[in-house]
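Asker: Would you mind keeping the following structure in view while I ask a few things?
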Amino acid sequence: MANHWNELKEFELSKKNLERLLNNEIPAIRIRGFATDSECASFTAAMKKANIKTYGKAAVGYIGMAQVEYRWDKTKEDYFSDVKDAFEDQKFVFDNSFDPMQRLIDRLSECWDEQVGIAEETGFGKYFAGIIRFASKGIALHADYAPFNSPGYEIEKINSQLGWNLFVEVPSGGGVTTVHNSPWNPEMEDGKPPQSYGLDRSVVEGAETFDYSPGKGDVVLFNSRNPHEISPGVDGSSGERLQIGSFIGRMSDTNKLVLWA
């Protein structure tokens, strides 16, 4: 059973609030003005020229890679062999704009006592982190929590998981994220990752909900074990929901914060 959130509002980034979010005691943290208007504009222009791929039933456009594509019918070797190309696609955008990944790691490091950095797998190297998405079509109800999503990977050893996104362009209507305070706890069958996308509404029935709208230049963090969904842009609205983000996990043994996509 989920704890009730202390207050239904967004909080500022601090060590205390980061701990509270990891413990699912508050619904969200917003870092306002994380990127300037000019940085957002250059990032938007660069991502529209990059190597764009699609995944999922909603055909979400993205740059980089999503581990969800490797959970059922591909191996760990497959995943890490593709990481280099994904970082190259991301680098094209960063080289033509700025590096929000390092900026976020630096901001988190300022208010966290342990190390903050990109997740690594013994014998393989770094995970990909910082997926760039075109999310104007909306995303169905889903949850993200590595102990269920990624068995057999080092990241399964986390005890809490956050999602974060920087919004570089936002729609004038729609594009709202709804987070349901109902931590995902599916049954694992034969150690296989359960389906996490397109969850049945029964998993959030009666749960507290919190809505947040994207803000240009802002970063928003929330506890991604809670089922969440994104409404599509409203017909006739201007602008797209363009973003970069990843997951942040707290390692059970060291309290380090590690990032991956």
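Going by the structure tokens order, chains are called A, B, ..., each with residues numbered from 1, while ligands are numbered from 1 in the order shown.
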I want to know what sits within 9 Å of stretch 213-217 of chain A, based on only C-alpha atoms, with residues of the same chain fewer than 5 positions away left out; could you give that as a PyMOL selection string?

Answerer: chain A and resi 31-37+39-40+165-171+174-178+241

Asker: DSSP says strand (DSSP E) for which residues of stretch 64-197 of chain A? Put them as a JSON list (two decimals) with C-alpha atoms, in the first residue's frame?

Answerer:
```json
[["chain", "number", "residue", "atom", "x", "y", "z"],
["A", 116, "VAL", "CA", 26.00, 10.37, -8.88],
["A", 117, "GLY", "CA", 26.73, 9.10, -12.39],
["A", 118, "ILE", "CA", 25.73, 6.94, -15.33],
["A", 120, "GLU", "CA", 27.71, 0.72, -15.30],
["A", 121, "GLU", "CA", 27.58, -3.05, -15.77],
["A", 125, "GLY", "CA", 30.63, -0.76, -19.32],
["A", 126, "LYS", "CA", 28.21, 2.15, -19.21],
["A", 131, "ILE", "CA", 16.97, 9.37, -24.31],
["A", 132, "ILE", "CA", 15.55, 12.21, -26.43],
["A", 133, "ARG", "CA", 11.84, 11.90, -27.21],
["A", 134, "PHE", "CA", 9.12, 13.36, -29.39],
["A", 139, "ILE", "CA", 1.98, 7.72, -23.71],
["A", 140, "ALA", "CA", -0.34, 5.09, -22.19],
["A", 141, "LEU", "CA", -0.44, 4.08, -18.52],
["A", 142, "HIS", "CA", 2.82, 2.37, -17.59],
["A", 158, "ILE", "CA", 18.16, -0.41, -6.84],
["A", 159, "ASN", "CA", 15.58, 0.22, -4.11],
["A", 160, "SER", "CA", 13.94, 3.30, -5.66],
["A", 161, "GLN", "CA", 13.64, 4.76, -9.14],
["A", 162, "LEU", "CA", 12.87, 8.23, -10.44],
["A", 163, "GLY", "CA", 12.17, 9.48, -13.93],
["A", 164, "TRP", "CA", 13.27, 12.95, -15.06],
["A", 165, "ASN", "CA", 12.66, 14.99, -18.18],
["A", 166, "LEU", "CA", 13.90, 18.31, -19.46],
["A", 167, "PHE", "CA", 11.34, 19.95, -21.72],
["A", 168, "VAL", "CA", 12.82, 21.93, -24.61],
["A", 169, "GLU", "CA", 9.52, 22.59, -26.39],
["A", 177, "THR", "CA", 1.69, 13.83, -17.10],
["A", 178, "THR", "CA", -0.54, 12.11, -14.53],
["A", 179, "VAL", "CA", 1.23, 10.17, -11.78],
["A", 180, "HIS", "CA", -0.79, 7.67, -9.72]]
```

Asker: Determine which residues of stretch 165-221 of chain A DSSP labels as helix (DSSP H, G or I) from the backbone of this structure, then write them out as a list in words.

Answerer: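 Matching residues, listed in order: Arg201, Ser202, Val203 and Val204 of chain A.
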
Asker: Okay, now the selection with N, CA, C and O atoms, as a JSON list (two decimals), in the first residue's frame?

Answerer:
```
[["chain", "number", "residue", "atom", "x", "y", "z"],
["A", 201, "ARG", "N", -6.39, -0.35, -15.88],
["A", 201, "ARG", "CA", -6.75, 0.75, -14.98],
["A", 201, "ARG", "C", -6.95, 0.28, -13.54],
["A", 201, "ARG", "O", -6.87, 1.08, -12.60],
["A", 202, "SER", "N", -7.17, -1.01, -13.35],
["A", 202, "SER", "CA", -7.39, -1.52, -11.99],
["A", 202, "SER", "C", -6.17, -1.32, -11.10],
["A", 202, "SER", "O", -6.30, -1.25, -9.87],
["A", 203, "VAL", "N", -4.96, -1.19, -11.68],
["A", 203, "VAL", "CA", -3.76, -1.04, -10.86],
["A", 203, "VAL", "C", -3.68, 0.33, -10.20],
["A", 203, "VAL", "O", -2.90, 0.52, -9.26],
["A", 204, "VAL", "N", -4.48, 1.29, -10.67],
["A", 204, "VAL", "CA", -4.45, 2.62, -10.08],
["A", 204, "VAL", "C", -5.81, 3.01, -9.49],
["A", 204, "VAL", "O", -5.98, 4.15, -9.06]]
```

Asker: Could you list, with a cut-off of 9 Å and counting only C-alpha atoms, the residues of stretch 106-177 of chain A near stretch 183-195 of chain A, each shown with its nearest atom pair and the distance in Å rounded to one decimal, rows sorted by chain and ascending number, as a Markdown table?

Answerer:
```
| residue | atom | partner | partner_atom | distance |
| --- | --- | --- | --- | --- |
| A:His142 | CA | A:Gln195 | CA | 8.9 |
| A:Ala143 | CA | A:Trp184 | CA | 6.6 |
| A:Asp144 | CA | A:Trp184 | CA | 8.2 |
| A:Tyr145 | CA | A:Trp184 | CA | 7.8 |
| A:Pro147 | CA | A:Pro193 | CA | 8.8 |
| A:Phe148 | CA | A:Pro193 | CA | 5.7 |
| A:Asn149 | CA | A:Pro193 | CA | 5.1 |
| A:Ser150 | CA | A:Pro193 | CA | 6.6 |
| A:Pro151 | CA | A:Pro193 | CA | 6.9 |
```

Asker: Quick one: write out the picked residues with N, CA, C and O atoms as a PDB file, in the first residue's frame?

Answerer:
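Listed below is the output, out37.pdb:
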```
ATOM      1  N   HIS A 142       1.721   3.313 -17.731  1.00  0.00           N
ATOM      2  CA  HIS A 142       2.824   2.372 -17.594  1.00  0.00           C
ATOM      3  C   HIS A 142       3.600   2.680 -16.321  1.00  0.00           C
ATOM      4  O   HIS A 142       3.370   3.702 -15.661  1.00  0.00           O
ATOM      5  N   ALA A 143       4.512   1.800 -15.975  1.00  0.00           N
ATOM      6  CA  ALA A 143       5.367   1.990 -14.805  1.00  0.00           C
ATOM      7  C   ALA A 143       6.777   1.562 -15.166  1.00  0.00           C
ATOM      8  O   ALA A 143       6.989   0.737 -16.062  1.00  0.00           O
ATOM      9  N   ASP A 144       7.757   2.115 -14.456  1.00  0.00           N
ATOM     10  CA  ASP A 144       9.163   1.808 -14.708  1.00  0.00           C
ATOM     11  C   ASP A 144       9.861   1.537 -13.380  1.00  0.00           C
ATOM     12  O   ASP A 144       9.959   2.433 -12.523  1.00  0.00           O
ATOM     13  N   TYR A 145      10.353   0.293 -13.206  1.00  0.00           N
ATOM     14  CA  TYR A 145      11.061  -0.064 -11.975  1.00  0.00           C
ATOM     15  C   TYR A 145      11.979  -1.235 -12.297  1.00  0.00           C
ATOM     16  O   TYR A 145      11.523  -2.343 -12.596  1.00  0.00           O
ATOM     17  N   PRO A 147      13.945  -3.477 -10.834  1.00  0.00           N
ATOM     18  CA  PRO A 147      13.894  -4.834 -10.290  1.00  0.00           C
ATOM     19  C   PRO A 147      12.885  -5.733 -11.005  1.00  0.00           C
ATOM     20  O   PRO A 147      13.047  -6.960 -11.015  1.00  0.00           O
ATOM     21  N   PHE A 148      11.845  -5.136 -11.602  1.00  0.00           N
ATOM     22  CA  PHE A 148      10.888  -5.907 -12.387  1.00  0.00           C
ATOM     23  C   PHE A 148      11.192  -5.842 -13.883  1.00  0.00           C
ATOM     24  O   PHE A 148      11.041  -6.825 -14.604  1.00  0.00           O
ATOM     25  N   ASN A 149      11.617  -4.673 -14.357  1.00  0.00           N
ATOM     26  CA  ASN A 149      11.855  -4.482 -15.785  1.00  0.00           C
ATOM     27  C   ASN A 149      13.151  -5.122 -16.282  1.00  0.00           C
ATOM     28  O   ASN A 149      13.240  -5.515 -17.441  1.00  0.00           O
ATOM     29  N   SER A 150      14.153  -5.182 -15.425  1.00  0.00           N
ATOM     30  CA  SER A 150      15.508  -5.522 -15.889  1.00  0.00           C
ATOM     31  C   SER A 150      16.191  -6.572 -15.021  1.00  0.00           C
ATOM     32  O   SER A 150      17.312  -6.363 -14.542  1.00  0.00           O
ATOM     33  N   PRO A 151      15.560  -7.714 -14.785  1.00  0.00           N
ATOM     34  CA  PRO A 151      16.227  -8.763 -13.994  1.00  0.00           C
ATOM     35  C   PRO A 151      17.494  -9.246 -14.690  1.00  0.00           C
ATOM     36  O   PRO A 151      17.548  -9.350 -15.914  1.00  0.00           O
TER      37      PRO A 151
END
```

Asker: Which neighbours of A:Phe124 fall inside 12 Å, counting only C-alpha atoms, when residues of the same chain fewer than 6 positions from it are skipped, and could you give them as a list in words?

Answerer: Lys76, Glu77, Asp78, Tyr79, Phe80, Ser81, Asp82, Val83, Lys84, Tyr153 and Glu154 of chain A

Asker: Using only C-alpha atoms, find the one residue out of A:His228, A:Lys9, A:Lys15, A:Arg103 that sits nearest to A:Ala207.

Answerer: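 Looking only at the distances to A:Ala207, the closest residue turns out to be A:His228.
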
Asker: Ranking A:Glu229, A:Thr44, A:Asp73, A:Gly173 by minimum distance to A:Ser97 and counting only C-alpha atoms, which one comes first?

Answerer: A:Thr44

Asker: Have a look at A:Asn223, A:Ser38, A:Gln67, A:Ser196 and name the one nearest to A:Asn181; count only C-alpha atoms.

Answerer: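 Selected residue with least distance to A:Asn181: A:Asn223.
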
Asker: Restricting the calculation to only C-alpha atoms: of A:Glu12, A:Glu240, A:Asp95, A:Asp85, which residue gets closest to A:Leu221?

Answerer: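 Of A:Glu12, A:Glu240, A:Asp95, A:Asp85, the one nearest A:Leu221, counting only C-alpha atoms, is A:Glu12.
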